[in-house]
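Q: The file below is my_file.txt, compact mmCIF, C-alpha atoms:
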```txt
# COMPACT_ATOMS: atom_id res chain seq x y z
CA MET A 17 108.35 100.60 88.67
CA LEU A 18 107.00 103.90 87.38
CA ASN A 19 110.13 104.53 85.33
CA ALA A 20 109.97 101.04 83.87
CA ALA A 21 106.32 101.46 82.91
CA LEU A 22 106.95 104.84 81.38
CA ALA A 23 109.92 103.60 79.38
CA GLU A 24 107.80 100.82 77.89
CA GLY A 25 105.02 103.10 76.64
CA ARG A 26 104.81 103.41 72.86
CA TYR A 27 104.01 107.10 73.21
CA VAL A 28 107.24 107.96 75.07
CA THR A 29 109.62 110.44 73.44
CA ASP A 30 112.87 112.01 74.55
CA GLU A 31 110.97 115.23 75.18
CA LEU A 32 108.54 113.39 77.46
CA LYS A 33 111.43 111.83 79.40
CA MET A 34 112.96 115.28 79.95
CA PHE A 35 109.61 116.64 81.07
CA HIS A 36 109.25 113.67 83.40
CA ASP A 37 112.56 114.49 85.07
CA THR A 38 111.52 118.13 85.52
CA ALA A 39 108.14 117.12 86.93
CA ARG A 40 109.71 114.68 89.40
CA ARG A 41 112.23 117.22 90.66
CA PHE A 42 109.53 119.87 91.07
CA MET A 43 107.16 117.56 92.91
CA GLN A 44 109.86 116.34 95.28
CA ALA A 45 111.23 119.84 95.95
CA GLU A 46 108.11 122.02 95.97
CA VAL A 47 105.24 119.66 96.74
CA ALA A 48 106.29 116.71 98.92
CA PRO A 49 107.75 118.83 101.78
CA ASN A 50 104.52 120.86 102.05
CA VAL A 51 101.89 118.11 102.04
CA VAL A 52 101.30 118.12 105.81
CA ARG A 53 101.21 121.93 106.00
CA TRP A 54 98.71 122.16 103.13
CA ASP A 55 96.52 119.58 104.85
CA GLU A 56 96.45 121.84 107.89
CA GLN A 57 95.69 125.06 106.00
CA GLY A 58 93.16 123.49 103.62
CA HIS A 59 94.72 124.63 100.34
CA VAL A 60 98.01 124.83 98.48
CA ASP A 61 99.99 128.06 98.42
CA ARG A 62 98.82 130.37 95.65
CA ASN A 63 102.38 130.92 94.39
CA LEU A 64 102.73 127.20 93.68
CA TRP A 65 100.75 127.83 90.49
CA ASN A 66 103.13 130.59 89.42
CA LYS A 67 106.21 128.46 90.14
CA ALA A 68 104.77 125.61 88.08
CA GLY A 69 103.91 127.99 85.26
CA GLU A 70 107.46 129.30 85.13
CA LEU A 71 108.74 125.74 84.61
CA GLY A 72 106.19 124.87 81.93
CA LEU A 73 104.26 122.46 84.15
CA LEU A 74 100.92 124.15 83.53
CA CYS A 75 98.99 123.28 80.36
CA PRO A 76 101.76 121.11 78.86
CA SER A 77 99.29 119.53 76.42
CA ILE A 78 98.00 122.89 75.14
CA PRO A 79 99.51 124.20 71.85
CA VAL A 80 102.44 126.58 72.14
CA GLU A 81 100.57 129.34 70.32
CA TYR A 82 98.32 129.58 73.37
CA GLY A 83 101.16 129.53 75.89
CA GLY A 84 101.16 125.77 76.49
CA GLY A 85 103.86 123.18 76.10
CA GLY A 86 102.68 121.71 72.81
CA GLY A 87 102.71 118.12 74.05
CA ASP A 88 100.02 115.46 74.18
CA VAL A 89 98.06 114.09 77.15
CA ALA A 90 100.98 111.85 78.13
CA PHE A 91 102.52 114.99 79.64
CA GLU A 92 99.45 115.37 81.86
CA LYS A 93 99.76 111.72 82.88
CA VAL A 94 103.38 112.21 83.95
CA LEU A 95 102.42 115.18 86.13
CA ILE A 96 99.57 113.29 87.80
CA GLU A 97 101.78 110.28 88.52
CA GLU A 98 104.60 112.38 89.95
CA GLN A 99 102.18 114.34 92.10
CA GLY A 100 100.86 111.00 93.34
CA ARG A 101 104.35 109.74 94.12
CA ALA A 102 104.89 112.92 96.15
CA GLY A 103 101.90 111.84 98.26
CA CYS A 104 99.93 114.98 97.41
CA SER A 105 96.17 115.09 96.82
CA ALA A 106 95.92 118.78 97.69
CA TRP A 107 96.82 120.38 94.38
CA GLY A 108 94.01 120.60 91.80
CA LEU A 109 96.54 120.54 88.99
CA SER A 110 94.95 117.82 86.89
CA LEU A 111 91.63 119.67 86.80
CA HIS A 112 93.29 122.96 85.82
CA ASN A 113 95.47 121.35 83.13
CA GLY A 114 93.60 118.36 81.80
CA ILE A 115 90.00 119.52 82.13
CA VAL A 116 89.49 123.30 82.30
CA ALA A 117 92.15 124.17 79.71
CA HIS A 118 90.95 121.42 77.39
CA TYR A 119 87.34 122.63 77.43
CA ILE A 120 88.57 126.03 76.30
CA LEU A 121 90.88 124.48 73.70
CA ALA A 122 88.14 122.22 72.31
CA TYR A 123 85.20 124.65 72.31
CA GLY A 124 86.56 128.15 72.68
CA THR A 125 86.71 130.73 69.93
CA GLU A 126 90.11 131.96 68.82
CA GLU A 127 89.58 135.10 70.92
CA GLN A 128 88.68 133.03 73.99
CA LYS A 129 91.71 130.78 73.58
CA GLN A 130 94.04 133.73 73.17
CA ALA A 131 92.53 135.49 76.18
CA TRP A 132 92.41 132.63 78.69
CA LEU A 133 94.84 129.83 77.86
CA PRO A 134 98.09 131.81 78.23
CA LYS A 135 96.95 132.97 81.67
CA LEU A 136 96.15 129.40 82.70
CA ALA A 137 99.55 128.28 81.39
CA SER A 138 101.47 130.93 83.33
CA GLY A 139 99.58 130.48 86.59
CA GLU A 140 98.22 134.04 86.43
CA ILE A 141 94.76 132.52 86.82
CA VAL A 142 93.61 129.22 88.30
CA GLY A 143 90.86 127.27 86.57
CA ALA A 144 87.80 125.47 87.95
CA ILE A 145 84.70 123.86 86.50
CA ALA A 146 81.40 124.15 88.35
CA MET A 147 79.16 121.18 87.66
CA THR A 148 77.79 119.74 90.89
CA GLU A 149 74.96 121.38 92.83
CA PRO A 150 73.54 120.63 96.29
CA GLY A 151 70.77 118.51 94.77
CA THR A 152 72.49 117.38 91.57
CA GLY A 153 75.57 115.19 91.25
CA SER A 154 75.92 112.69 88.43
CA ASP A 155 72.57 113.75 86.87
CA LEU A 156 73.85 116.87 85.13
CA GLN A 157 70.70 117.21 83.04
CA SER A 158 68.93 118.38 86.18
CA VAL A 159 71.18 121.34 87.07
CA ARG A 160 69.23 124.37 88.29
CA THR A 161 71.83 127.09 87.79
CA THR A 162 70.69 129.36 84.97
CA ALA A 163 72.40 131.67 82.48
CA ILE A 164 69.58 133.70 80.95
CA ALA A 165 70.19 135.97 77.97
CA ASP A 166 69.64 139.67 78.61
CA GLY A 167 70.76 141.92 75.78
CA ASP A 168 74.46 141.35 75.17
CA ASP A 169 74.89 139.49 78.47
CA TYR A 170 73.97 136.35 80.30
CA VAL A 171 72.73 136.68 83.86
CA VAL A 172 73.94 133.73 85.94
CA ASN A 173 72.10 132.58 89.07
CA GLY A 174 72.66 129.45 91.11
CA GLN A 175 74.75 127.56 93.61
CA LYS A 176 77.53 125.02 93.05
CA VAL A 177 79.20 122.70 95.54
CA PHE A 178 82.28 120.42 95.78
CA ILE A 179 84.20 122.68 93.37
CA THR A 180 87.92 121.89 93.21
CA ASN A 181 90.08 125.05 93.16
CA GLY A 182 87.00 127.08 94.13
CA GLN A 183 88.78 129.40 96.56
CA GLN A 184 91.64 130.23 94.22
CA ALA A 185 89.93 130.08 90.82
CA GLY A 186 90.00 133.19 88.65
CA LEU A 187 88.20 131.44 85.79
CA VAL A 188 85.22 129.14 86.34
CA ILE A 189 83.47 127.16 83.62
CA VAL A 190 79.86 127.00 84.80
CA VAL A 191 77.40 124.31 83.75
CA ALA A 192 74.12 126.21 83.47
CA LYS A 193 70.71 126.13 81.83
CA THR A 194 70.33 128.71 79.08
CA ASP A 195 66.88 127.17 78.54
CA PRO A 196 65.41 126.08 81.90
CA ASN A 197 62.49 124.35 80.13
CA GLU A 198 64.81 121.77 78.55
CA LYS A 199 66.95 119.06 80.12
CA ALA A 200 70.11 118.09 78.24
CA LYS A 201 69.31 120.39 75.32
CA GLY A 202 69.03 123.36 77.66
CA ILE A 203 72.55 123.08 79.08
CA SER A 204 75.37 125.42 78.08
CA LEU A 205 78.87 126.10 79.36
CA VAL A 206 79.64 129.70 80.24
CA VAL A 207 82.85 131.17 81.58
CA VAL A 208 82.88 133.45 84.63
CA GLU A 209 86.01 135.50 85.23
CA THR A 210 85.66 135.90 88.97
CA ASP A 211 87.61 139.16 89.33
CA LYS A 212 85.59 140.93 86.63
CA VAL A 213 82.04 140.41 87.88
CA GLU A 214 79.72 141.40 90.70
CA GLY A 215 77.45 138.94 92.45
CA PHE A 216 79.95 136.07 92.51
CA ARG A 217 80.71 134.77 95.99
CA ARG A 218 82.87 131.99 97.35
CA GLY A 219 81.33 130.00 100.16
CA ARG A 220 83.04 127.65 102.56
CA ASN A 221 86.18 125.72 101.85
CA LEU A 222 84.52 122.43 102.71
CA GLU A 223 85.83 120.03 105.35
CA LYS A 224 86.11 116.50 103.99
CA VAL A 225 86.91 112.96 105.12
CA GLY A 226 90.08 113.03 103.04
CA MET A 227 91.96 115.34 100.71
CA HIS A 228 92.23 117.82 103.57
CA GLY A 229 94.66 120.03 101.66
CA GLN A 230 92.51 120.37 98.56
CA ASP A 231 90.49 123.55 98.15
CA THR A 232 86.96 122.21 97.62
CA SER A 233 84.37 124.95 97.81
CA GLU A 234 80.84 126.23 97.52
CA LEU A 235 80.28 128.89 94.87
CA PHE A 236 77.35 131.29 94.61
CA PHE A 237 76.16 133.24 91.57
CA GLU A 238 73.66 136.03 92.27
CA ASN A 239 72.69 137.98 89.14
CA VAL A 240 76.23 137.68 87.78
CA ARG A 241 76.40 139.41 84.42
CA ILE A 242 78.87 138.05 81.88
CA PRO A 243 79.22 138.87 78.16
CA LYS A 244 77.53 136.54 75.72
CA ALA A 245 81.02 136.17 74.26
CA ASN A 246 81.80 133.99 77.31
CA LEU A 247 79.64 131.14 75.99
CA LEU A 248 81.71 128.07 75.08
CA GLY A 249 80.75 126.54 71.75
CA LYS A 250 78.99 127.59 68.57
CA GLY A 251 75.65 128.15 70.21
CA GLU A 252 73.46 127.59 73.23
CA GLY A 253 72.41 124.10 74.26
CA MET A 254 75.71 122.41 73.40
CA GLY A 255 76.92 121.99 76.97
CA PHE A 256 75.74 118.46 77.62
CA VAL A 257 77.31 117.18 74.41
CA GLN A 258 80.56 118.97 75.31
CA LEU A 259 80.56 117.39 78.77
CA MET A 260 80.04 113.92 77.31
CA GLU A 261 82.82 114.40 74.75
CA GLN A 262 85.35 115.28 77.45
CA LEU A 263 84.40 112.50 79.88
CA PRO A 264 86.81 109.81 78.58
CA GLN A 265 89.81 112.05 79.27
CA GLU A 266 88.42 113.19 82.63
CA ARG A 267 87.82 109.62 83.78
CA LEU A 268 91.24 108.47 82.62
CA ILE A 269 92.74 111.30 84.68
CA VAL A 270 91.11 109.74 87.74
CA ALA A 271 92.47 106.32 86.75
CA TRP A 272 96.01 107.70 86.33
CA ALA A 273 95.87 109.03 89.87
CA ALA A 274 94.49 105.73 91.16
CA VAL A 275 97.34 103.68 89.72
CA ALA A 276 99.98 106.08 91.05
CA ALA A 277 98.41 105.97 94.52
CA MET A 278 98.22 102.17 94.70
CA GLU A 279 101.83 101.83 93.54
CA LEU A 280 102.99 104.29 96.20
CA ALA A 281 100.96 102.50 98.90
CA LEU A 282 102.56 99.19 97.95
CA ASP A 283 106.07 100.66 97.86
CA LEU A 284 105.66 102.20 101.32
CA THR A 285 104.12 99.05 102.77
CA THR A 286 106.66 96.66 101.31
CA GLN A 287 109.45 98.66 102.90
CA TYR A 288 107.56 98.90 106.20
CA VAL A 289 106.96 95.16 106.54
CA LYS A 290 110.62 94.51 105.77
CA ASP A 291 111.66 96.82 108.60
CA ARG A 292 108.95 95.99 111.17
CA LYS A 293 109.32 92.91 113.40
CA ALA A 294 106.69 90.87 115.22
CA PHE A 295 107.18 87.70 117.25
CA GLY A 296 110.88 87.77 116.57
CA LYS A 297 110.77 88.01 112.77
CA ARG A 298 110.08 90.53 110.06
CA VAL A 299 106.42 91.05 109.16
CA ILE A 300 107.21 90.21 105.54
CA ASP A 301 108.43 86.78 106.64
CA PHE A 302 104.85 85.79 107.49
CA GLN A 303 103.26 83.97 104.58
CA ASN A 304 100.02 85.90 104.94
CA THR A 305 101.87 89.18 104.41
CA ARG A 306 103.73 87.95 101.36
CA PHE A 307 100.64 86.41 99.76
CA GLN A 308 98.50 89.51 100.26
CA LEU A 309 101.19 91.80 98.90
CA ALA A 310 101.80 89.46 95.97
CA GLN A 311 98.12 89.61 95.04
CA ALA A 312 97.94 93.38 95.47
CA ARG A 313 101.08 93.96 93.44
CA THR A 314 99.68 91.78 90.65
CA GLU A 315 96.43 93.75 90.63
CA ALA A 316 98.33 97.06 90.59
CA THR A 317 100.38 95.82 87.64
CA LEU A 318 97.22 94.81 85.78
CA ALA A 319 95.83 98.28 86.45
CA ARG A 320 99.04 99.84 85.14
CA VAL A 321 98.94 97.82 81.91
CA PHE A 322 95.25 98.61 81.33
CA VAL A 323 95.74 102.33 81.94
CA GLU A 324 98.83 102.43 79.72
CA ARG A 325 96.75 100.98 76.90
CA CYS A 326 93.96 103.48 77.58
CA THR A 327 96.55 106.26 77.39
CA GLU A 328 97.65 105.09 73.96
CA MET A 329 94.01 104.98 72.86
CA LEU A 330 93.39 108.50 74.16
CA ILE A 331 96.41 109.85 72.31
CA GLU A 332 95.15 108.11 69.17
CA LYS A 333 91.65 109.57 69.83
CA LYS A 334 90.24 106.05 70.08
CA LEU A 335 89.33 105.94 73.78
CA ASP A 336 85.58 105.38 74.00
CA VAL A 337 83.22 106.21 76.85
CA VAL A 338 82.77 102.59 77.95
CA THR A 339 86.47 101.72 78.15
CA ALA A 340 87.15 104.94 80.08
CA ALA A 341 84.34 104.08 82.49
CA MET A 342 85.84 100.61 82.99
CA ALA A 343 89.24 102.15 83.74
CA LYS A 344 87.83 104.68 86.17
CA TYR A 345 85.67 102.27 88.15
CA TRP A 346 88.07 99.31 88.30
CA THR A 347 91.24 101.22 89.17
CA THR A 348 89.57 103.29 91.88
CA ASP A 349 87.96 100.22 93.45
CA LYS A 350 91.38 98.55 93.49
CA GLN A 351 93.03 101.70 94.82
CA PHE A 352 90.71 101.65 97.84
CA GLU A 353 91.15 97.90 98.43
CA ILE A 354 94.94 98.13 98.21
CA ALA A 355 95.14 101.22 100.42
CA ASP A 356 93.01 99.44 103.03
CA LEU A 357 95.20 96.33 102.91
CA CYS A 358 98.36 98.41 103.19
CA LEU A 359 97.04 100.29 106.20
CA GLN A 360 96.19 96.96 107.85
CA LEU A 361 99.73 95.69 107.30
CA HIS A 362 101.03 98.81 109.06
CA GLY A 363 99.05 97.82 112.15
CA GLY A 364 98.29 100.60 114.64
CA TYR A 365 100.83 102.91 113.08
CA GLY A 366 98.88 102.88 109.85
CA TYR A 367 96.08 104.74 111.61
CA MET A 368 98.41 107.53 112.68
CA ASP A 369 98.46 110.72 110.63
CA GLU A 370 102.25 110.82 110.74
CA TYR A 371 102.41 107.78 108.44
CA PRO A 372 101.71 108.53 104.76
CA ILE A 373 99.61 105.38 104.38
CA SER A 374 96.89 106.94 106.55
CA ARG A 375 96.57 109.82 104.09
CA LEU A 376 96.58 107.50 101.07
CA TRP A 377 93.80 105.45 102.68
CA ARG A 378 91.47 108.31 103.50
CA ASP A 379 92.15 110.13 100.22
CA SER A 380 91.33 107.01 98.21
CA ARG A 381 87.67 106.96 99.23
CA VAL A 382 86.48 109.87 97.11
CA GLN A 383 88.01 108.42 93.94
CA ARG A 384 85.05 106.05 93.72
CA ILE A 385 82.63 109.00 93.89
CA TYR A 386 83.83 111.91 91.78
CA GLY A 387 84.17 111.83 88.03
CA GLY A 388 80.90 109.90 88.10
CA THR A 389 80.25 107.38 90.87
CA ASN A 390 81.39 103.83 90.23
CA GLU A 391 77.75 102.73 90.30
CA ILE A 392 77.08 105.12 87.41
CA MET A 393 80.15 103.72 85.62
CA LYS A 394 78.71 100.20 85.87
CA GLU A 395 75.30 101.41 84.70
CA LEU A 396 76.95 103.06 81.69
CA ILE A 397 78.96 99.94 80.84
CA GLY A 398 75.86 97.80 81.26
CA ARG A 399 73.95 99.81 78.67
CA PHE A 400 76.45 98.75 76.01
CA LEU A 401 76.48 95.03 76.82
```
Starting from the file, lay out its structure as structure tokens.
A:
Amino acid sequence: MLNAALAEGRYVTDELKMFHDTARRFMQAEVAPNVVRWDEQGHVDRNLWNKAGELGLLCPSIPVEYGGGGGDVAFEKVLIEEQGRAGCSAWGLSLHNGIVAHYILAYGTEEQKQAWLPKLASGEIVGAIAMTEPGTGSDLQSVRTTAIADGDDYVVNGQKVFITNGQQAGLVIVVAKTDPNEKAKGISLVVVETDKVEGFRRGRNLEKVGMHGQDTSELFFENVRIPKANLLGKGEGMGFVQLMEQLPQERLIVAWAAVAAMELALDLTTQYVKDRKAFGKRVIDFQNTRFQLAQARTEATLARVFVERCTEMLIEKKLDVVTAAMAKYWTTDKQFEIADLCLQLHGGYGYMDEYPISRLWRDSRVQRIYGGTNEIMKELIGRFL
């Protein structure tokens, strides 16, 4: 079904199809066989980034002059979907590619882009963005981390939590207050190169309900001095605007993953109920099973069509904040519902870690939280009614 949906997209080119084949082969060869092991160790292997960089799977939507692939965001979508079909939630690839690199591309100076993007594209450095704090989640205006000017430097102090790629990141975009007396207008984005500073410390790789293989960490900044040249944007106080401008793409990234996950859950479950027997007949031969799967497959198809249209709008630079919020909230709600149904249709085996549906079910829960909780998405949509 994924191939059919991809082939129908108006944005599809021969180059994208070739990239899709490369991405699928890589995910099946290098990612799928390691999912269980990464869950146990709590992070992907560091050399996975280098292998992906060698094949051009890092920063494919970044211009070639900065080491990227020169494609559009459809290339990011293909990667996310193929990672989903490999059953992997451990690799923070979409954040590295579709978020961190794009902040630098959108707001970095020419010197910043030349310095950082080629290293992100090769896998030499891993990217992270540090937004959330222990007392601040969706309300980014209230962050307490500061980056205070001192001569030619900023001095960064604060704590961040739930940071994807935190243990492996060599470059962290930090959401900080350059003016602690202001709310939104006091926020700036500054870049910390973790290997070049003192006072930066990685805390725990956090234990979570799901996504056991994803490196999700605490980060600490204690009088970390960085050059003022590491500010993203034309001046201080632009950070909140920059965050808002990037949100449609970030939320569509979450929706892409949601659709891929629900399609995989349905594929696995459909095959399972065809093979499994109860009371002398296949589980799929019970009307209840067929009706529930028919409804779920219809909802997954609706999600696919909606997200395909959002992708076209994003490529055309027409995807607005409200439509992206709708896509994020609705697809992730459906992902969780469908994963729960599919686990139920597996019976007791669905609750066993050895069955992929158990991982899909537990990993689906956080999709409704990060990228802005679904309650915040509804609040945002409601403001525009």
Q: Quote the spacing between CA of Gly251 (chain A) and CA of Lys334 (chain A) in Å to one decimal place.
A: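 Atom-to-atom, CA of Gly251 (chain A) and CA of Lys334 (chain A) are spaced 26.5 Å apart.
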Q: If we count all atoms listed in the file, what is near Asp356 (chain A) at a cut-off of 10 Å, once residues fewer than 2 positions away on the same chain are taken out, given as a list in words?
A: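 Non-adjacent residues within range: Ala281, Lys350, Gln351, Phe352, Glu353, Ile354, Cys358, Leu359, Gln360, Leu361, Gly366, Ile373, Ser374, Leu376, Trp377, Arg378, Ser380 and Arg381 of chain A.
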Q: What separation in Å, quoted to one decimal, exists between CA of Ala48 (chain A) and CA of Cys104 (chain A)?
A: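 CA of Ala48 (chain A) sits 6.8 Å away from CA of Cys104 (chain A).
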Q: So the first atom is CA of Glu234 (chain A) and the second is CA of Gln183 (chain A); what is the distance between them in Å, to one decimal place?
A: 8.6 Å
Q: Counting all atoms listed in the file, note down every residue that has an atom within 9 Å of the point (94.4, 109.1, 86.4) (file coordinates), as a list in words.
A: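 Using all atoms listed in the file, the matching residues come out as Lys93, Ile96, Glu97, Ser110, Gln265, Glu266, Arg267, Leu268, Ile269, Val270, Ala271, Trp272, Ala273, Ala274, Val275, Ala276, Val323, Lys344 and Thr347 of chain A.
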Q: Around the point (77.0, 129.3, 92.5) in the file's coordinates, collect all residues with an atom within 8 Å, using only C-alpha atoms, and return them as a count of residues only.
A: 14
Q: Restricting the calculation to all atoms listed in the file: of A:Val321, A:Ala355, A:Met147, A:Ala106, which residue gets closest to Gly226 (chain A)?
A: A:Ala106
Q: With distances taken over only C-alpha atoms, which of A:Gly363, A:Asn197, A:Arg218, A:Ile397 is nearest to Gly253 (chain A)?
A: A:Asn197
